[in-house]
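Coordinates as given in final.pdb (PDB, C-alpha atoms):
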ATOM      1  CA  MET A   1      -4.635 -27.034 -18.699  1.00  0.00           C
ATOM      2  CA  LEU A   2      -3.580 -28.169 -15.231  1.00  0.00           C
ATOM      3  CA  GLN A   3      -1.668 -31.050 -16.747  1.00  0.00           C
ATOM      4  CA  ASN A   4       0.195 -28.721 -19.097  1.00  0.00           C
ATOM      5  CA  LEU A   5       0.914 -26.390 -16.208  1.00  0.00           C
ATOM      6  CA  ASN A   6       2.537 -29.194 -14.243  1.00  0.00           C
ATOM      7  CA  LEU A   7       4.779 -29.989 -17.184  1.00  0.00           C
ATOM      8  CA  LEU A   8       5.870 -26.373 -17.431  1.00  0.00           C
ATOM      9  CA  THR A   9       6.427 -25.850 -13.695  1.00  0.00           C
ATOM     10  CA  THR A  10       9.782 -26.941 -12.282  1.00  0.00           C
ATOM     11  CA  PHE A  11      11.490 -26.491  -8.934  1.00  0.00           C
ATOM     12  CA  ALA A  12      15.138 -26.302  -7.951  1.00  0.00           C
ATOM     13  CA  THR A  13      16.173 -28.141  -4.778  1.00  0.00           C
ATOM     14  CA  LEU A  14      18.828 -26.397  -2.701  1.00  0.00           C
ATOM     15  CA  THR A  15      20.510 -26.776   0.659  1.00  0.00           C
ATOM     16  CA  LEU A  16      20.554 -23.559   2.670  1.00  0.00           C
ATOM     17  CA  VAL A  17      22.347 -22.618   5.853  1.00  0.00           C
ATOM     18  CA  CYS A  18      20.268 -20.615   8.314  1.00  0.00           C
ATOM     19  CA  PRO A  19      22.027 -17.258   8.890  1.00  0.00           C
ATOM     20  CA  LEU A  20      20.855 -17.313  12.523  1.00  0.00           C
ATOM     21  CA  CYS A  21      21.441 -20.807  13.909  1.00  0.00           C
ATOM     22  CA  LYS A  22      23.756 -22.047  11.118  1.00  0.00           C
ATOM     23  CA  LYS A  23      21.857 -25.300  10.615  1.00  0.00           C
ATOM     24  CA  HIS A  24      21.112 -26.815   7.218  1.00  0.00           C
ATOM     25  CA  MET A  25      17.711 -27.129   5.574  1.00  0.00           C
ATOM     26  CA  LEU A  26      16.242 -28.147   2.258  1.00  0.00           C
ATOM     27  CA  HIS A  27      14.765 -25.378   0.166  1.00  0.00           C
ATOM     28  CA  TYR A  28      12.599 -25.490  -2.939  1.00  0.00           C
ATOM     29  CA  GLU A  29      12.544 -22.594  -5.375  1.00  0.00           C
ATOM     30  CA  LEU A  30      10.312 -22.201  -8.389  1.00  0.00           C
ATOM     31  CA  SER A  31      12.653 -22.144 -11.380  1.00  0.00           C
ATOM     32  CA  SER A  32      10.247 -22.071 -14.333  1.00  0.00           C
ATOM     33  CA  TYR A  33       6.523 -21.715 -14.876  1.00  0.00           C
ATOM     34  CA  HIS A  34       3.951 -20.542 -17.390  1.00  0.00           C
ATOM     35  CA  ILE A  35       1.092 -18.151 -16.656  1.00  0.00           C
ATOM     36  CA  PHE A  36      -2.061 -18.813 -18.671  1.00  0.00           C
ATOM     37  CA  ASP A  37      -4.145 -15.989 -17.292  1.00  0.00           C
ATOM     38  CA  SER A  38      -3.960 -13.350 -14.568  1.00  0.00           C
ATOM     39  CA  THR A  39      -6.028 -10.679 -12.849  1.00  0.00           C
ATOM     40  CA  LEU A  40      -4.307  -7.384 -12.075  1.00  0.00           C
ATOM     41  CA  TYR A  41      -5.327  -5.067  -9.253  1.00  0.00           C
ATOM     42  CA  SER A  42      -4.678  -1.363  -8.825  1.00  0.00           C
ATOM     43  CA  ASP A  43      -2.103  -1.933  -6.046  1.00  0.00           C
ATOM     44  CA  GLY A  44       0.021  -4.010  -8.411  1.00  0.00           C
ATOM     45  CA  LYS A  45      -0.941  -7.439  -7.115  1.00  0.00           C
ATOM     46  CA  ALA A  46      -1.537 -10.044  -9.813  1.00  0.00           C
ATOM     47  CA  ASP A  47      -3.537 -13.238  -9.238  1.00  0.00           C
ATOM     48  CA  HIS A  48      -2.540 -15.977 -11.672  1.00  0.00           C
ATOM     49  CA  SER A  49      -5.015 -18.678 -12.662  1.00  0.00           C
ATOM     50  CA  ASN A  50      -3.950 -22.237 -11.824  1.00  0.00           C
ATOM     51  CA  LEU A  51      -0.686 -21.020 -10.326  1.00  0.00           C
ATOM     52  CA  PHE A  52       0.177 -20.110  -6.751  1.00  0.00           C
ATOM     53  CA  LEU A  53       3.404 -18.131  -6.529  1.00  0.00           C
ATOM     54  CA  GLU A  54       4.392 -18.479  -2.893  1.00  0.00           C
ATOM     55  CA  ASP A  55       6.558 -15.661  -1.593  1.00  0.00           C
ATOM     56  CA  LYS A  56       9.882 -17.091  -0.453  1.00  0.00           C
ATOM     57  CA  ASN A  57      11.891 -13.935   0.075  1.00  0.00           C
ATOM     58  CA  ILE A  58      11.132 -14.274   3.785  1.00  0.00           C
ATOM     59  CA  LEU A  59      11.719 -17.742   5.231  1.00  0.00           C
ATOM     60  CA  LEU A  60      11.236 -19.469   8.557  1.00  0.00           C
ATOM     61  CA  CYS A  61      13.983 -21.762   9.810  1.00  0.00           C
ATOM     62  CA  PRO A  62      12.606 -25.208  10.801  1.00  0.00           C
ATOM     63  CA  HIS A  63      15.306 -25.529  13.491  1.00  0.00           C
ATOM     64  CA  CYS A  64      15.350 -22.227  15.417  1.00  0.00           C
ATOM     65  CA  ASN A  65      11.863 -21.198  14.239  1.00  0.00           C
ATOM     66  CA  LYS A  66      13.030 -17.669  13.408  1.00  0.00           C
ATOM     67  CA  VAL A  67      12.463 -15.679  10.235  1.00  0.00           C
ATOM     68  CA  PHE A  68      15.252 -14.532   7.939  1.00  0.00           C
ATOM     69  CA  TRP A  69      15.727 -13.069   4.485  1.00  0.00           C
ATOM     70  CA  ARG A  70      16.341 -15.682   1.799  1.00  0.00           C
ATOM     71  CA  ASN A  71      19.285 -13.698   0.419  1.00  0.00           C
ATOM     72  CA  ASP A  72      21.010 -13.832   3.814  1.00  0.00           C
ATOM     73  CA  ALA A  73      21.174 -17.635   3.700  1.00  0.00           C
ATOM     74  CA  HIS A  74      24.008 -19.039   1.616  1.00  0.00           C
ATOM     75  CA  GLU A  75      23.785 -22.246  -0.367  1.00  0.00           C
ATOM     76  CA  THR A  76      25.999 -25.206   0.447  1.00  0.00           C
ATOM     77  CA  GLU A  77      26.832 -28.588  -1.049  1.00  0.00           C
ATOM     78  CA  GLU A  78      27.633 -30.146   2.325  1.00  0.00           C
ATOM     79  CA  MET A  79      25.693 -33.221   3.400  1.00  0.00           C
ATOM     80  CA  LEU A  80      22.598 -32.607   5.507  1.00  0.00           C
ATOM     81  CA  GLU A  81      22.828 -33.590   9.158  1.00  0.00           C
ATOM     82  CA  SER A  82      19.963 -36.109   9.138  1.00  0.00           C
ATOM     83  CA  GLU A  83      18.482 -38.753   6.866  1.00  0.00           C
ATOM     84  CA  GLU A  84      15.179 -36.876   6.831  1.00  0.00           C
ATOM     85  CA  PRO A  85      16.252 -33.232   6.595  1.00  0.00           C
ATOM     86  CA  LEU A  86      13.849 -30.473   7.477  1.00  0.00           C
ATOM     87  CA  SER A  87      12.691 -28.004   4.843  1.00  0.00           C
ATOM     88  CA  SER A  88      12.520 -24.227   4.980  1.00  0.00           C
ATOM     89  CA  LYS A  89       9.121 -22.718   5.681  1.00  0.00           C
ATOM     90  CA  SER A  90       7.310 -19.648   4.456  1.00  0.00           C
ATOM     91  CA  VAL A  91       4.557 -17.509   5.972  1.00  0.00           C
ATOM     92  CA  MET A  92       2.059 -19.976   4.487  1.00  0.00           C
ATOM     93  CA  ASP A  93       3.380 -22.580   6.942  1.00  0.00           C
ATOM     94  CA  PHE A  94       2.503 -20.587  10.052  1.00  0.00           C
ATOM     95  CA  GLU A  95       0.014 -22.199  12.422  1.00  0.00           C
ATOM     96  CA  PHE A  96      -2.575 -19.538  11.645  1.00  0.00           C
ATOM     97  CA  ALA A  97      -2.301 -20.005   7.853  1.00  0.00           C
ATOM     98  CA  LEU A  98      -5.499 -22.061   7.724  1.00  0.00           C
ATOM     99  CA  SER A  99      -7.493 -19.886  10.104  1.00  0.00           C
ATOM    100  CA  GLU A 100     -10.456 -17.849   8.894  1.00  0.00           C
ATOM    101  CA  ASN A 101      -8.813 -14.599   9.936  1.00  0.00           C
ATOM    102  CA  TYR A 102      -5.507 -15.342   8.196  1.00  0.00           C
ATOM    103  CA  PRO A 103      -5.527 -12.058   6.202  1.00  0.00           C
ATOM    104  CA  GLU A 104      -5.794 -10.082   9.435  1.00  0.00           C
ATOM    105  CA  ARG A 105      -3.123 -12.089  11.219  1.00  0.00           C
ATOM    106  CA  ILE A 106      -0.622 -11.960   8.360  1.00  0.00           C
ATOM    107  CA  ALA A 107      -1.131  -8.188   8.090  1.00  0.00           C
ATOM    108  CA  HIS A 108      -0.433  -7.850  11.823  1.00  0.00           C
ATOM    109  CA  TYR A 109       2.607 -10.086  11.374  1.00  0.00           C
ATOM    110  CA  TYR A 110       4.099  -7.950   8.587  1.00  0.00           C
ATOM    111  CA  HIS A 111       3.415  -4.853  10.687  1.00  0.00           C
ATOM    112  CA  SER A 112       5.256  -6.388  13.635  1.00  0.00           C
ATOM    113  CA  LEU A 113       8.253  -7.273  11.426  1.00  0.00           C
ATOM    114  CA  ILE A 114       8.487  -3.637  10.333  1.00  0.00           C
ATOM    115  CA  ASN A 115       8.275  -2.390  13.939  1.00  0.00           C
ATOM    116  CA  GLU A 116      10.949  -4.876  15.011  1.00  0.00           C
ATOM    117  CA  GLY A 117      13.376  -3.583  12.371  1.00  0.00           C
ATOM    118  CA  PHE A 118      13.435  -6.826  10.404  1.00  0.00           C
ATOM    119  CA  ALA A 119      14.017  -4.829   7.206  1.00  0.00           C
ATOM    120  CA  ASP A 120      17.656  -3.734   7.500  1.00  0.00           C
ATOM    121  CA  THR A 121      17.874  -1.902   4.160  1.00  0.00           C
ATOM    122  CA  THR A 122      15.658   0.621   2.389  1.00  0.00           C
ATOM    123  CA  GLU A 123      14.957  -1.891  -0.380  1.00  0.00           C
ATOM    124  CA  ARG A 124      13.797  -4.484   2.128  1.00  0.00           C
ATOM    125  CA  GLU A 125      11.667  -1.979   4.002  1.00  0.00           C
ATOM    126  CA  ILE A 126       9.916  -1.027   0.758  1.00  0.00           C
ATOM    127  CA  TYR A 127       9.332  -4.709   0.021  1.00  0.00           C
ATOM    128  CA  LEU A 128       7.920  -5.380   3.483  1.00  0.00           C
ATOM    129  CA  ARG A 129       5.695  -2.298   3.396  1.00  0.00           C
ATOM    130  CA  MET A 130       4.377  -3.448   0.005  1.00  0.00           C
ATOM    131  CA  LEU A 131       3.458  -6.790   1.577  1.00  0.00           C
ATOM    132  CA  LEU A 132       1.680  -5.022   4.426  1.00  0.00           C
ATOM    133  CA  TRP A 133      -0.215  -2.733   2.032  1.00  0.00           C
ATOM    134  CA  ARG A 134      -1.442  -5.600  -0.142  1.00  0.00           C
ATOM    135  CA  SER A 135      -2.226  -7.919   2.762  1.00  0.00           C
ATOM    136  CA  ILE A 136      -4.535  -5.272   4.259  1.00  0.00           C
ATOM    137  CA  ASN A 137      -6.147  -4.826   0.850  1.00  0.00           C
ATOM    138  CA  ASP A 138      -6.694  -8.596   0.701  1.00  0.00           C
ATOM    139  CA  LEU A 139      -9.365  -8.177   3.363  1.00  0.00           C
ATOM    140  CA  ILE A 140     -11.697  -6.564   0.815  1.00  0.00           C
ATOM    141  CA  ARG A 141      -9.859  -7.207  -2.475  1.00  0.00           C
ATOM    142  CA  TYR A 142     -12.301  -9.765  -3.842  1.00  0.00           C
ATOM    143  CA  GLN A 143     -15.481  -7.950  -2.956  1.00  0.00           C
ATOM    144  CA  SER A 144     -17.658  -6.941  -5.880  1.00  0.00           C
ATOM    145  CA  PRO A 145     -20.186  -4.114  -5.617  1.00  0.00           C
ATOM    146  CA  GLY A 146     -23.243  -5.346  -3.731  1.00  0.00           C
ATOM    147  CA  PHE A 147     -25.557  -5.226  -6.730  1.00  0.00           C
ATOM    148  CA  LYS A 148     -23.155  -7.411  -8.730  1.00  0.00           C
ATOM    149  CA  GLN A 149     -23.161 -10.110  -6.063  1.00  0.00           C
ATOM    150  CA  ILE A 150     -26.891 -10.673  -6.049  1.00  0.00           C
ATOM    151  CA  GLY A 151     -27.343 -14.239  -7.226  1.00  0.00           C
ATOM    152  CA  SER A 152     -28.756 -17.580  -6.132  1.00  0.00           C
ATOM    153  CA  TYR A 153     -26.289 -17.902  -3.235  1.00  0.00           C
ATOM    154  CA  VAL A 154     -27.051 -14.432  -1.863  1.00  0.00           C
ATOM    155  CA  LEU A 155     -30.786 -14.932  -2.240  1.00  0.00           C
ATOM    156  CA  LYS A 156     -30.644 -18.286  -0.451  1.00  0.00           C
ATOM    157  CA  ARG A 157     -28.358 -17.139   2.371  1.00  0.00           C
ATOM    158  CA  PRO A 158     -28.721 -13.361   2.637  1.00  0.00           C
ATOM    159  CA  ILE A 159     -27.924 -13.202   6.375  1.00  0.00           C
ATOM    160  CA  HIS A 160     -24.726 -15.204   5.957  1.00  0.00           C
ATOM    161  CA  PHE A 161     -23.689 -13.022   3.015  1.00  0.00           C
ATOM    162  CA  LEU A 162     -24.311  -9.777   4.897  1.00  0.00           C
ATOM    163  CA  LYS A 163     -22.481 -10.986   8.009  1.00  0.00           C
ATOM    164  CA  SER A 164     -19.482 -12.110   5.956  1.00  0.00           C
ATOM    165  CA  ARG A 165     -19.314  -8.824   4.063  1.00  0.00           C
ATOM    166  CA  TRP A 166     -19.753  -6.765   7.241  1.00  0.00           C
ATOM    167  CA  SER A 167     -17.024  -8.740   9.005  1.00  0.00           C
ATOM    168  CA  ALA A 168     -14.538  -8.188   6.153  1.00  0.00           C
ATOM    169  CA  ASN A 169     -15.296  -4.467   5.972  1.00  0.00           C
ATOM    170  CA  LYS A 170     -15.002  -4.106   9.750  1.00  0.00           C
ATOM    171  CA  ALA A 171     -11.588  -5.822   9.723  1.00  0.00           C
ATOM    172  CA  PHE A 172     -10.422  -3.596   6.858  1.00  0.00           C
ATOM    173  CA  TRP A 173     -11.402  -0.373   8.619  1.00  0.00           C
ATOM    174  CA  GLN A 174      -9.682  -1.503  11.813  1.00  0.00           C
ATOM    175  CA  PHE A 175      -6.443  -1.314   9.804  1.00  0.00           C
ATOM    176  CA  LYS A 176      -7.233   2.205   8.536  1.00  0.00           C
ATOM    177  CA  ARG A 177      -4.662   3.952  10.734  1.00  0.00           C
ATOM    178  CA  ILE A 178      -1.955   1.367  10.028  1.00  0.00           C
ATOM    179  CA  GLN A 179      -2.673   1.474   6.296  1.00  0.00           C
ATOM    180  CA  LYS A 180      -2.463   5.274   6.160  1.00  0.00           C
ATOM    181  CA  GLU A 181       0.719   5.371   8.198  1.00  0.00           C
ATOM    182  CA  ASN A 182       2.288   2.636   6.087  1.00  0.00           C
ATOM    183  CA  LEU A 183       1.378   4.305   2.772  1.00  0.00           C
ATOM    184  CA  ASP A 184       2.718   7.672   3.965  1.00  0.00           C
ATOM    185  CA  LEU A 185       6.076   6.090   4.793  1.00  0.00           C
ATOM    186  CA  LEU A 186       6.044   3.946   1.656  1.00  0.00           C
ATOM    187  CA  THR A 187       5.536   6.915  -0.670  1.00  0.00           C
ATOM    188  CA  ALA A 188       8.429   8.687   1.057  1.00  0.00           C
ATOM    189  CA  LEU A 189      10.735   5.711   0.431  1.00  0.00           C
ATOM    190  CA  PHE A 190       9.533   4.607  -2.987  1.00  0.00           C
ATOM    191  CA  ASN A 191      11.483   6.167  -5.873  1.00  0.00           C
ATOM    192  CA  PRO A 192       9.857   5.428  -9.280  1.00  0.00           C
ATOM    193  CA  ILE A 193      12.261   4.525 -12.092  1.00  0.00           C
ATOM    194  CA  ASN A 194       9.707   3.926 -14.865  1.00  0.00           C
ATOM    195  CA  GLU A 195       6.070   4.537 -15.768  1.00  0.00           C
ATOM    196  CA  ASN A 196       4.887   1.341 -14.070  1.00  0.00           C
ATOM    197  CA  ASP A 197       6.450   2.589 -10.836  1.00  0.00           C
ATOM    198  CA  LEU A 198       4.788   5.979 -11.311  1.00  0.00           C
ATOM    199  CA  LEU A 199       1.408   4.254 -11.610  1.00  0.00           C
ATOM    200  CA  LEU A 200       2.133   2.369  -8.417  1.00  0.00           C
ATOM    201  CA  LYS A 201       3.104   5.536  -6.571  1.00  0.00           C
ATOM    202  CA  ALA A 202      -0.027   7.316  -7.800  1.00  0.00           C
ATOM    203  CA  GLU A 203      -2.046   4.391  -6.448  1.00  0.00           C
ATOM    204  CA  MET A 204      -0.299   4.654  -3.085  1.00  0.00           C
ATOM    205  CA  TYR A 205      -1.293   8.315  -2.871  1.00  0.00           C
ATOM    206  CA  ARG A 206      -4.853   7.552  -4.010  1.00  0.00           C
ATOM    207  CA  GLU A 207      -5.403   4.878  -1.371  1.00  0.00           C
ATOM    208  CA  ALA A 208      -3.828   7.144   1.269  1.00  0.00           C
ATOM    209  CA  GLY A 209      -6.407   9.788   0.388  1.00  0.00           C
ATOM    210  CA  GLU A 210      -3.756  12.120  -1.088  1.00  0.00           C
ATOM    211  CA  ARG A 211      -5.839  12.960  -4.140  1.00  0.00           C
ATOM    212  CA  LYS A 212      -3.847  15.964  -5.418  1.00  0.00           C
ATOM    213  CA  LYS A 213      -0.526  14.143  -5.125  1.00  0.00           C
ATOM    214  CA  ALA A 214      -1.951  11.145  -6.991  1.00  0.00           C
ATOM    215  CA  LEU A 215      -3.097  13.367  -9.858  1.00  0.00           C
ATOM    216  CA  GLN A 216       0.288  15.121  -9.973  1.00  0.00           C
ATOM    217  CA  VAL A 217       2.080  11.782 -10.377  1.00  0.00           C
ATOM    218  CA  LEU A 218      -0.379  10.634 -13.037  1.00  0.00           C
ATOM    219  CA  LYS A 219       0.479  13.735 -15.115  1.00  0.00           C
ATOM    220  CA  GLN A 220       4.038  12.412 -15.444  1.00  0.00           C
ATOM    221  CA  ILE A 221       2.881   9.235 -17.180  1.00  0.00           C
ATOM    222  CA  GLY A 222       2.769   9.106 -20.973  1.00  0.00           C
ATOM    223  CA  GLY A 223       0.576   6.992 -23.231  1.00  0.00           C
ATOM    224  CA  THR A 224       2.248   3.611 -22.676  1.00  0.00           C
ATOM    225  CA  ASN A 225      -0.009   2.776 -19.742  1.00  0.00           C
ATOM    226  CA  SER A 226      -2.937   4.921 -20.858  1.00  0.00           C
ATOM    227  CA  TYR A 227      -5.598   2.288 -20.013  1.00  0.00           C
ATOM    228  CA  TYR A 228      -4.407   1.699 -16.445  1.00  0.00           C
ATOM    229  CA  LYS A 229      -3.673   5.401 -16.008  1.00  0.00           C
ATOM    230  CA  ARG A 230      -7.235   6.256 -17.032  1.00  0.00           C
ATOM    231  CA  LYS A 231      -8.715   3.702 -14.606  1.00  0.00           C
ATOM    232  CA  ILE A 232      -6.674   4.977 -11.654  1.00  0.00           C
ATOM    233  CA  LYS A 233      -7.293   8.619 -12.585  1.00  0.00           C
ATOM    234  CA  THR A 234     -11.056   8.031 -12.760  1.00  0.00           C
ATOM    235  CA  ALA A 235     -11.021   6.390  -9.318  1.00  0.00           C
ATOM    236  CA  THR A 236      -8.966   9.306  -7.976  1.00  0.00           C
ATOM    237  CA  LEU A 237     -11.352  11.935  -9.378  1.00  0.00           C
ATOM    238  CA  LEU A 238     -14.290  10.072  -7.838  1.00  0.00           C
ATOM    239  CA  PHE A 239     -12.599  10.180  -4.393  1.00  0.00           C
ATOM    240  CA  LYS A 240     -12.360   6.373  -4.270  1.00  0.00           C
ATOM    241  CA  ILE A 241      -9.641   5.013  -1.971  1.00  0.00           C
ATOM    242  CA  ARG A 242     -10.111   1.240  -2.124  1.00  0.00           C
ATOM    243  CA  VAL A 243      -8.173  -1.234  -4.225  1.00  0.00           C
ATOM    244  CA  PHE A 244      -9.978  -2.376  -7.365  1.00  0.00           C
ATOM    245  CA  LYS A 245      -9.607  -4.766 -10.290  1.00  0.00           C
ATOM    246  CA  LEU A 246      -7.875  -3.336 -13.378  1.00  0.00           C
ATOM    247  CA  ASN A 247      -8.749  -6.055 -15.882  1.00  0.00           C
TER     248      ASN A 247
END

Before anything else, please render the file you have as structure tokens.
Amino acid sequence: MLQNLNLLTTFATLTLVCPLCKKHMLHYELSSYHIFDSTLYSDGKADHSNLFLEDKNILLCPHCNKVFWRNDAHETEEMLESEEPLSSKSVMDFEFALSENYPERIAHYYHSLINEGFADTTEREIYLRMLLWRSINDLIRYQSPGFKQIGSYVLKRPIHFLKSRWSANKAFWQFKRIQKENLDLLTALFNPINENDLLLKAEMYREAGERKKALQVLKQIGGTNSYYKRKIKTATLLFKIRVFKLN
């Protein structure tokens, strides 16, 4: 399967001009790929098996080391300034990308970008607030209920398991105020244009603890997304506010 995936995955090589320092850089963009399987979560994030879709809407210039929006950098056919040109970077290239507390640090980073006014349009602010929302959820996204995690590993290393789970939960709750504030502003900005968007907005309200508003939005959804609607409605009625797996 991995071999087939490689054959179906292709990249386009471009030369971009940094909108800040005006220097050239190489840039690689995924141009085609095939998804064999995916896991969907209630906040709209999808994890694809055997495929890592790196977000390259926000880039880091290798020359001035500043972030910029990909769409603000224009493409050029001019020759690069050096024989070994530098390539654009993404948030996965930050120094803290390999640290154990990466989810926490990237959430703080997205929050700082919002506070600094990096998003200069409503569309970009929505996008950045979505990243912040999902990055905070990543802290506890992959946790299963405790009784489902009891296995040979847990039985052999119960202390390590409990410490790891406690640490993740503690980090998640430290973002509680930021998450609530972000979701309140996100729901105010986000204007659904279809039933998938309505599901997403209902989920925003649910995770923000706005139970009545979530149920009101869910009433507007027809039968097209009945399975996902039922899952989110059940979680809402049970006063659950955490992200969960839909499939």

| said: Counting all atoms listed in the file, which residues have an atom no more than 9 Å from (-1.7, -8.2, 8.0) in the file's coordinates? Please list them as a VMD selection string. | reply: chain A and resid 102 to 111 131 to 136 138 to 139 175

Would you save the residues from that selection as a PDB file, keeping the file's coordinate frame, using C-alpha atoms?
ATOM      1  CA  TYR A 102      -5.507 -15.342   8.196  1.00  0.00           C
ATOM      2  CA  PRO A 103      -5.527 -12.058   6.202  1.00  0.00           C
ATOM      3  CA  GLU A 104      -5.794 -10.082   9.435  1.00  0.00           C
ATOM      4  CA  ARG A 105      -3.123 -12.089  11.219  1.00  0.00           C
ATOM      5  CA  ILE A 106      -0.622 -11.960   8.360  1.00  0.00           C
ATOM      6  CA  ALA A 107      -1.131  -8.188   8.090  1.00  0.00           C
ATOM      7  CA  HIS A 108      -0.433  -7.850  11.823  1.00  0.00           C
ATOM      8  CA  TYR A 109       2.607 -10.086  11.374  1.00  0.00           C
ATOM      9  CA  TYR A 110       4.099  -7.950   8.587  1.00  0.00           C
ATOM     10  CA  HIS A 111       3.415  -4.853  10.687  1.00  0.00           C
ATOM     11  CA  LEU A 131       3.458  -6.790   1.577  1.00  0.00           C
ATOM     12  CA  LEU A 132       1.680  -5.022   4.426  1.00  0.00           C
ATOM     13  CA  TRP A 133      -0.215  -2.733   2.032  1.00  0.00           C
ATOM     14  CA  ARG A 134      -1.442  -5.600  -0.142  1.00  0.00           C
ATOM     15  CA  SER A 135      -2.226  -7.919   2.762  1.00  0.00           C
ATOM     16  CA  ILE A 136      -4.535  -5.272   4.259  1.00  0.00           C
ATOM     17  CA  ASP A 138      -6.694  -8.596   0.701  1.00  0.00           C
ATOM     18  CA  LEU A 139      -9.365  -8.177   3.363  1.00  0.00           C
ATOM     19  CA  PHE A 175      -6.443  -1.314   9.804  1.00  0.00           C
TER      20      PHE A 175
END

| query | Using only C-alpha atoms, which of the listed residues (A:Ser99, A:Asn57, A:Thr224, A:Gln179) sits closest to Ala119 (chain A)? | reply | A:Asn57

| message | Counting only C-alpha atoms, which residue out of A:Asn65, A:Asn194, A:Asn182, A:Gln143 sits closest to Lys23 (chain A)? | response | A:Asn65

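Note that the spacing between CA of Ala208 (chain A) and CA of Val91 (chain A) amounts to 26.5 Å.
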
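In this comparison, which uses only C-alpha atoms, the residue of A:Asn169, A:Ser112, A:Thr234, A:Thr13 approaching Leu128 (chain A) most closely is A:Ser112.
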
| note | Computed gap from CA of Asn115 (chain A) to CA of Ser42 (chain A) is 26.2 Å

| Minimum-distance residue to Tyr127 (chain A), chosen among A:Leu238, A:Lys213, A:Leu186, A:His74 (using all atoms listed in the file) | A:Leu186

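Taking CA of Asp72 (chain A) and CA of Val17 (chain A) as endpoints, the distance between them is 9.1 Å.
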
| message | With all atoms listed in the file as the counted atoms, please give the residues lying no more than 12 Å from Thr236 (chain A), apart from itself and same-chain residues fewer than 4 positions off, as a ChimeraX atom specification. | response | /A:42,202-218,229-232,240-244

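Across A:Asn71, A:Glu195, A:Cys64, A:Lys245, the tightest approach to Ser226 (chain A) is made by A:Glu195 when counting only C-alpha atoms.
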
| Selection near Glu75 (chain A), 9 Å with all atoms listed in the file, sequence-local residues under 4 positions removed, as a list of chain:residue names | A:Leu14, A:Thr15, A:Leu16, A:Val17

Write the selection just made, keeping C-alpha atoms, as a short mmCIF file (atom, residue, chain, number, x, y, z; two decimals), keeping the file's coordinate frame?
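Okay, result.cif is ready:
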data_model
loop_
_atom_site.label_atom_id
_atom_site.label_comp_id
_atom_site.auth_asym_id
_atom_site.auth_seq_id
_atom_site.Cartn_x
_atom_site.Cartn_y
_atom_site.Cartn_z
CA LEU A 14 18.83 -26.40 -2.70
CA THR A 15 20.51 -26.78 0.66
CA LEU A 16 20.55 -23.56 2.67
CA VAL A 17 22.35 -22.62 5.85
#

| message | Quick one: residues within 12 Å of Asp93 (chain A), only C-alpha atoms, excluding same-chain residues fewer than 3 positions away - as a ChimeraX atom specification? | response | /A:54-56,58-62,65,67,87-90,96-99,102,106

| field | Contact residues around Phe190 (chain A) with all atoms listed in the file at 9 Å, ignoring same-chain residues under 4 positions, as a PyMOL selection string | value | chain A and resi 123+126+185-186+197+201

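Residue nearest Cys18 (chain A) within the list A:Phe118, A:Tyr227, A:Tyr41, A:Phe68: A:Phe68 [criterion: smallest interatomic distance, all atoms listed in the file].
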